[in-house]
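Okay, structure first, notes after.
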Amino acid sequence: MTTDTQFHIPWDKAVKPAVVVSILLTLLTIYTLVVNRLHLGLDFTGGTLIEVTYVQEADVNDVRQRVEQAGFQGAVVQLFGTAMDVAIRVPLQEGVKTEEIADRVMAKLTEGGTEVTLKRREFVSPSVGADLIEGGFMAMAIAFVGILLYISVRYEWKFALGAIIALIHDVMITLGIFSFFRIEFDLTVLAALLTVVGYSLNDTVVVFDRMKENFVELRNATPWEAATNAINSMLVRTLVMSLTTIFVLLALFYLGGAMIHSFAIAMLCGVIFGTYSSVYVATAAAIALGVTREDLLPTVVDKEGADLPEMP
């Protein structure tokens with residue numbers, strides 16, 4: 001098979017090890033989700049959000065100690081906006097009103113003459129959190145169905161099934177990382193997962209589209225030869241896009257503040273595994289399902305009377 005690509009990397013040589021790695025990661029994800037579950041944030045578990053502003057740079061460790069001294073263990077204290085703005089997330093306290101929680105926290109924070117201003121206090125109900133989880137994963141399920149229908153019509157159902165398997169793979173492993181390392185799962189992470197679905201699909205569709213072209217241009221190519229040529233021809237584009245996105249996400253992680261760490265981690269996992277799964281999950285699954293050149297070529301319709309001899 002002749003190709004006009006800059007790279008000639010035999011991607012099919014690593015299919016079996018990659019599939020084994022993906023299966024092991026998926027099994028580990030299922031195990032950690034069952035045993036550890038997700039470390040749900042205040043958005044989902046319910047509790048009280050208190051936002052305060054200091055006249056000078058806030059000491060997060062000192063604030064955390066004062067909140068614990070007020071009788072609220074397990075509170076999450078983070079900077080947001082500037083180094084003087086602090087968000088305090090107090091877990092749900094049975095029988096204690098939001099106003100009382102805020103008053104006790106403020107009393108501790110202002111001890112010793114420290115100047116602190118209460119900007120906001122808000123109670124988040126656990127029922128609201130349950131609705132958010134249900135709505136978020138329902139949106140993801142609807143996206144999966146839409147993707148399945150679109151790719152089935154645009155390409156072939158084997159490609160569609162491969163793409164869905166890859167998306168589930170990416171989302172599951174990202175969730176597994178959050179569960180294994182006990183990283184807080186909040187609304188920003190849910191938004192990141194939905195973004196990951198779109199990002200991963202973009203890479204996959206590009207490979208599928210180029211693979212379809214190769215089936216037409218390279219008539220004697222096997223499915224993996226067509227796929228290898230497609231991946232190699234798009235390699236520079238994929239690397240530039242992925243690395244650029246990773247650099248931006250690393251900047252967000254290190255410079256964006258603690259409140260956006262979870263979002264940045266979820267996006268980083270999604271970009272890395274999404275790029276990997278476009279080759280070794282989506283494409284490999286489609287080929288394993290038996291996609292062929294005939295599946296993607298347009299059906300030739302014989303014109304009526306085409307087999308009759310021409311008139312003199």
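Lettering and numbering for the structure tokens are positional, with chains as A, B, ... in the shown order, residues counted from 1 in each chain, and ligands counted from 1 in the shown order.
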
Exercise for review: Find the residues around segment 36-51 of chain A up to 9 Å (only C-alpha atoms counted), leave out those fewer than 6 positions away in its own chain, and share them as a PyMOL selection string.
Suggested key: chain A and resi 85-93+98+101-102+105+117-133+175-176+178-180+182-187

**Study point:** Exercise: segment 236-250 of chain A partners within 7 Å, only C-alpha atoms, chain neighbours under 4 positions left out, as a ChimeraX atom specification
**Key:** /A:254,264,268,271

Output the selection as a short mmCIF file (atom, residue, chain, number, x, y, z; two decimals), in the first residue's frame - N, CA, C and O atoms for each residue.
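Output file again16.cif follows:
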data_model
loop_
_atom_site.label_atom_id
_atom_site.label_comp_id
_atom_site.auth_asym_id
_atom_site.auth_seq_id
_atom_site.Cartn_x
_atom_site.Cartn_y
_atom_site.Cartn_z
N TYR A 254 -2.59 25.52 37.37
CA TYR A 254 -1.60 26.15 38.24
C TYR A 254 -1.91 27.63 38.55
O TYR A 254 -1.52 28.14 39.60
N ALA A 264 -9.95 21.37 35.66
CA ALA A 264 -8.75 21.23 34.86
C ALA A 264 -8.27 19.77 34.84
O ALA A 264 -7.85 19.26 33.79
N LEU A 268 -7.96 17.50 31.53
CA LEU A 268 -6.67 16.89 31.18
C LEU A 268 -6.81 15.39 30.94
O LEU A 268 -6.29 14.85 29.95
N VAL A 271 -8.73 14.86 27.61
CA VAL A 271 -7.95 15.13 26.40
C VAL A 271 -6.95 14.00 26.14
O VAL A 271 -6.82 13.51 25.01
#

Which neighbours of segment 192-203 of chain A fall inside 7 Å, counting only C-alpha atoms, when residues of the same chain fewer than 5 positions from it are skipped, and could you give them as a PDB file with all heavy atoms, in the first residue's frame?
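Wrote around-v3.pdb, looks like this:
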ATOM      1  N   MET A 140     -25.869  13.564  29.283  1.00  0.00           N
ATOM      2  CA  MET A 140     -24.821  12.747  28.670  1.00  0.00           C
ATOM      3  C   MET A 140     -25.427  11.580  27.893  1.00  0.00           C
ATOM      4  O   MET A 140     -24.973  11.245  26.793  1.00  0.00           O
ATOM      5  CB  MET A 140     -23.867  12.239  29.751  1.00  0.00           C
ATOM      6  CG  MET A 140     -22.533  11.762  29.226  1.00  0.00           C
ATOM      7  SD  MET A 140     -21.400  11.312  30.566  1.00  0.00           S
ATOM      8  CE  MET A 140     -21.223  12.892  31.386  1.00  0.00           C
ATOM      9  N   ALA A 163     -17.454   4.576  18.325  1.00  0.00           N
ATOM     10  CA  ALA A 163     -17.355   5.916  18.916  1.00  0.00           C
ATOM     11  C   ALA A 163     -17.985   5.951  20.299  1.00  0.00           C
ATOM     12  O   ALA A 163     -17.433   6.552  21.232  1.00  0.00           O
ATOM     13  CB  ALA A 163     -18.033   6.935  17.999  1.00  0.00           C
ATOM     14  N   LEU A 167     -16.263   6.820  23.935  1.00  0.00           N
ATOM     15  CA  LEU A 167     -16.737   7.887  24.819  1.00  0.00           C
ATOM     16  C   LEU A 167     -16.998   7.358  26.227  1.00  0.00           C
ATOM     17  O   LEU A 167     -16.640   8.003  27.229  1.00  0.00           O
ATOM     18  CB  LEU A 167     -18.013   8.511  24.240  1.00  0.00           C
ATOM     19  CG  LEU A 167     -17.853   9.297  22.937  1.00  0.00           C
ATOM     20  CD1 LEU A 167     -19.197   9.840  22.473  1.00  0.00           C
ATOM     21  CD2 LEU A 167     -16.853  10.423  23.091  1.00  0.00           C
ATOM     22  N   VAL A 171     -15.022   8.636  29.657  1.00  0.00           N
ATOM     23  CA  VAL A 171     -15.757   9.152  30.812  1.00  0.00           C
ATOM     24  C   VAL A 171     -15.530   8.269  32.032  1.00  0.00           C
ATOM     25  O   VAL A 171     -15.286   8.759  33.145  1.00  0.00           O
ATOM     26  CB  VAL A 171     -17.265   9.269  30.489  1.00  0.00           C
ATOM     27  CG1 VAL A 171     -18.063   9.590  31.747  1.00  0.00           C
ATOM     28  CG2 VAL A 171     -17.502  10.343  29.434  1.00  0.00           C
ATOM     29  N   PHE A 263     -11.945  20.883  37.601  1.00  0.00           N
ATOM     30  CA  PHE A 263     -12.306  21.029  36.186  1.00  0.00           C
ATOM     31  C   PHE A 263     -11.097  20.773  35.299  1.00  0.00           C
ATOM     32  O   PHE A 263     -11.178  20.040  34.306  1.00  0.00           O
ATOM     33  CB  PHE A 263     -12.854  22.437  35.939  1.00  0.00           C
ATOM     34  CG  PHE A 263     -13.129  22.743  34.489  1.00  0.00           C
ATOM     35  CD1 PHE A 263     -14.327  22.366  33.904  1.00  0.00           C
ATOM     36  CD2 PHE A 263     -12.187  23.410  33.711  1.00  0.00           C
ATOM     37  CE1 PHE A 263     -14.579  22.630  32.563  1.00  0.00           C
ATOM     38  CE2 PHE A 263     -12.421  23.680  32.382  1.00  0.00           C
ATOM     39  CZ  PHE A 263     -13.621  23.301  31.799  1.00  0.00           C
ATOM     40  N   ALA A 266     -10.142  17.039  35.227  1.00  0.00           N
ATOM     41  CA  ALA A 266     -11.075  16.269  34.406  1.00  0.00           C
ATOM     42  C   ALA A 266     -10.819  16.498  32.926  1.00  0.00           C
ATOM     43  O   ALA A 266     -10.829  15.553  32.122  1.00  0.00           O
ATOM     44  CB  ALA A 266     -12.516  16.641  34.762  1.00  0.00           C
ATOM     45  N   MET A 267     -10.575  17.741  32.549  1.00  0.00           N
ATOM     46  CA  MET A 267     -10.305  18.041  31.148  1.00  0.00           C
ATOM     47  C   MET A 267      -8.982  17.434  30.689  1.00  0.00           C
ATOM     48  O   MET A 267      -8.878  16.920  29.569  1.00  0.00           O
ATOM     49  CB  MET A 267     -10.295  19.553  30.940  1.00  0.00           C
ATOM     50  CG  MET A 267     -11.668  20.191  30.935  1.00  0.00           C
ATOM     51  SD  MET A 267     -12.695  19.617  29.563  1.00  0.00           S
ATOM     52  CE  MET A 267     -11.740  20.157  28.159  1.00  0.00           C
ATOM     53  N   GLY A 270      -9.535  13.829  30.135  1.00  0.00           N
ATOM     54  CA  GLY A 270     -10.351  13.641  28.946  1.00  0.00           C
ATOM     55  C   GLY A 270      -9.581  13.835  27.657  1.00  0.00           C
ATOM     56  O   GLY A 270      -9.735  13.067  26.695  1.00  0.00           O
ATOM     57  N   VAL A 271      -8.730  14.859  27.611  1.00  0.00           N
ATOM     58  CA  VAL A 271      -7.946  15.130  26.399  1.00  0.00           C
ATOM     59  C   VAL A 271      -6.948  14.000  26.144  1.00  0.00           C
ATOM     60  O   VAL A 271      -6.817  13.510  25.015  1.00  0.00           O
ATOM     61  CB  VAL A 271      -7.204  16.480  26.531  1.00  0.00           C
ATOM     62  CG1 VAL A 271      -6.194  16.647  25.402  1.00  0.00           C
ATOM     63  CG2 VAL A 271      -8.200  17.631  26.516  1.00  0.00           C
ATOM     64  N   GLY A 274      -8.941  10.778  25.495  1.00  0.00           N
ATOM     65  CA  GLY A 274      -9.724  10.958  24.274  1.00  0.00           C
ATOM     66  C   GLY A 274      -8.872  10.803  23.029  1.00  0.00           C
ATOM     67  O   GLY A 274      -9.296  10.203  22.035  1.00  0.00           O
ATOM     68  N   THR A 275      -7.653  11.349  23.065  1.00  0.00           N
ATOM     69  CA  THR A 275      -6.728  11.205  21.939  1.00  0.00           C
ATOM     70  C   THR A 275      -6.328   9.743  21.763  1.00  0.00           C
ATOM     71  O   THR A 275      -6.303   9.214  20.648  1.00  0.00           O
ATOM     72  CB  THR A 275      -5.477  12.073  22.174  1.00  0.00           C
ATOM     73  OG1 THR A 275      -5.881  13.443  22.366  1.00  0.00           O
ATOM     74  CG2 THR A 275      -4.534  11.986  20.990  1.00  0.00           C
ATOM     75  N   SER A 278      -9.304   7.469  20.419  1.00  0.00           N
ATOM     76  CA  SER A 278      -9.673   7.635  19.013  1.00  0.00           C
ATOM     77  C   SER A 278      -9.007   6.566  18.149  1.00  0.00           C
ATOM     78  O   SER A 278      -9.561   6.117  17.153  1.00  0.00           O
ATOM     79  CB  SER A 278      -9.266   9.029  18.521  1.00  0.00           C
ATOM     80  OG  SER A 278      -9.970  10.027  19.216  1.00  0.00           O
TER      81      SER A 278
END

Practice item. Please run DSSP on the backbone and report, as a list in words, all residues within segment 56-207 of chain A that come out as strand (DSSP E or B). Key: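 Here is the list: Val76, Val77, Gln78, Leu79, Phe80, Thr82, Ala83, Met84, Asp85, Val86, Ala87, Ile88, Arg89, Val90, Pro91, Val116, Thr117, Leu118, Lys119, Arg120, Arg121, Glu122, Phe123, Val124, Glu184 and Phe185 of chain A.
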
Filtering to N, CA and C atoms, could you give me those residues as a CSV table (one decimal), in the first residue's frame?
chain,number,residue,atom,x,y,z
A,76,VAL,N,-14.5,22.7,53.3
A,76,VAL,CA,-13.5,23.0,52.2
A,76,VAL,C,-13.3,24.5,52.2
A,77,VAL,N,-12.1,24.9,52.3
A,77,VAL,CA,-11.7,26.3,52.2
A,77,VAL,C,-10.8,26.6,51.0
A,78,GLN,N,-11.3,27.5,50.2
A,78,GLN,CA,-10.5,27.8,48.9
A,78,GLN,C,-10.5,29.3,48.6
A,79,LEU,N,-9.5,29.7,48.0
A,79,LEU,CA,-9.4,31.1,47.5
A,79,LEU,C,-10.2,31.1,46.2
A,80,PHE,N,-10.8,32.3,45.9
A,80,PHE,CA,-11.5,32.4,44.6
A,80,PHE,C,-11.4,33.9,44.2
A,82,THR,N,-9.6,36.6,44.0
A,82,THR,CA,-8.3,37.2,44.4
A,82,THR,C,-7.8,36.5,45.7
A,83,ALA,N,-6.6,36.9,46.1
A,83,ALA,CA,-6.0,36.3,47.3
A,83,ALA,C,-6.7,36.7,48.6
A,84,MET,N,-7.6,37.7,48.5
A,84,MET,CA,-8.4,38.2,49.7
A,84,MET,C,-9.8,37.6,49.8
A,85,ASP,N,-10.2,36.9,48.7
A,85,ASP,CA,-11.6,36.3,48.7
A,85,ASP,C,-11.5,34.8,49.0
A,86,VAL,N,-12.3,34.4,50.0
A,86,VAL,CA,-12.3,33.0,50.5
A,86,VAL,C,-13.7,32.4,50.4
A,87,ALA,N,-13.8,31.2,49.8
A,87,ALA,CA,-15.0,30.4,49.8
A,87,ALA,C,-14.9,29.3,50.8
A,88,ILE,N,-15.9,29.2,51.7
A,88,ILE,CA,-16.0,28.1,52.7
A,88,ILE,C,-17.2,27.3,52.5
A,89,ARG,N,-16.9,26.0,52.3
A,89,ARG,CA,-18.0,25.1,52.0
A,89,ARG,C,-18.2,24.1,53.2
A,90,VAL,N,-19.3,24.3,53.9
A,90,VAL,CA,-19.5,23.5,55.2
A,90,VAL,C,-20.5,22.4,54.8
A,91,PRO,N,-20.1,21.1,55.1
A,91,PRO,CA,-21.0,20.0,54.8
A,91,PRO,C,-22.3,20.2,55.6
A,116,VAL,N,-12.9,41.0,58.5
A,116,VAL,CA,-13.5,40.1,57.5
A,116,VAL,C,-14.9,40.6,57.2
A,117,THR,N,-15.2,40.6,55.9
A,117,THR,CA,-16.6,41.0,55.5
A,117,THR,C,-17.3,39.8,54.9
A,118,LEU,N,-18.5,39.5,55.4
A,118,LEU,CA,-19.4,38.4,54.8
A,118,LEU,C,-20.0,38.9,53.5
A,119,LYS,N,-19.7,38.2,52.4
A,119,LYS,CA,-20.2,38.6,51.1
A,119,LYS,C,-21.4,37.8,50.7
A,120,ARG,N,-21.5,36.6,51.1
A,120,ARG,CA,-22.6,35.7,50.7
A,120,ARG,C,-22.7,34.5,51.6
A,121,ARG,N,-23.9,34.1,51.8
A,121,ARG,CA,-24.1,32.8,52.5
A,121,ARG,C,-25.3,32.1,51.8
A,122,GLU,N,-25.2,30.9,51.6
A,122,GLU,CA,-26.2,30.2,50.8
A,122,GLU,C,-26.3,28.7,51.2
A,123,PHE,N,-27.5,28.2,51.3
A,123,PHE,CA,-27.7,26.8,51.6
A,123,PHE,C,-28.1,26.0,50.3
A,124,VAL,N,-27.4,24.9,50.1
A,124,VAL,CA,-27.7,24.0,49.0
A,124,VAL,C,-28.3,22.8,49.5
A,184,GLU,N,-12.5,15.9,44.6
A,184,GLU,CA,-13.9,16.3,44.8
A,184,GLU,C,-14.6,16.4,43.4
A,185,PHE,N,-15.7,15.8,43.3
A,185,PHE,CA,-16.6,15.8,42.1
A,185,PHE,C,-17.7,16.8,42.3

Review point. Looking at only C-alpha atoms, which of A:Glu134, A:Lys212, A:Val15, A:Ile165 is the one that sits closest to Leu148 of chain A?
Key: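 With only C-alpha atoms as the atom set, the closest residue is A:Ile165.
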
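Counting from atom CA of Ile151 of chain A, the distance to atom CA of Met172 of chain A is 21.4 Å.
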
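For the choices A:Gly290, A:Gly71, A:Gly136, A:Gly162, the atom-to-atom distance to Trp224 of chain A is smallest for A:Gly290 when using only C-alpha atoms.
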
Revision key, fill the gap. Among A:Leu289, A:Ala226, A:Ala139, A:Val281, Pro10 of chain A is approached most closely, using only C-alpha atoms, by A:Ala226
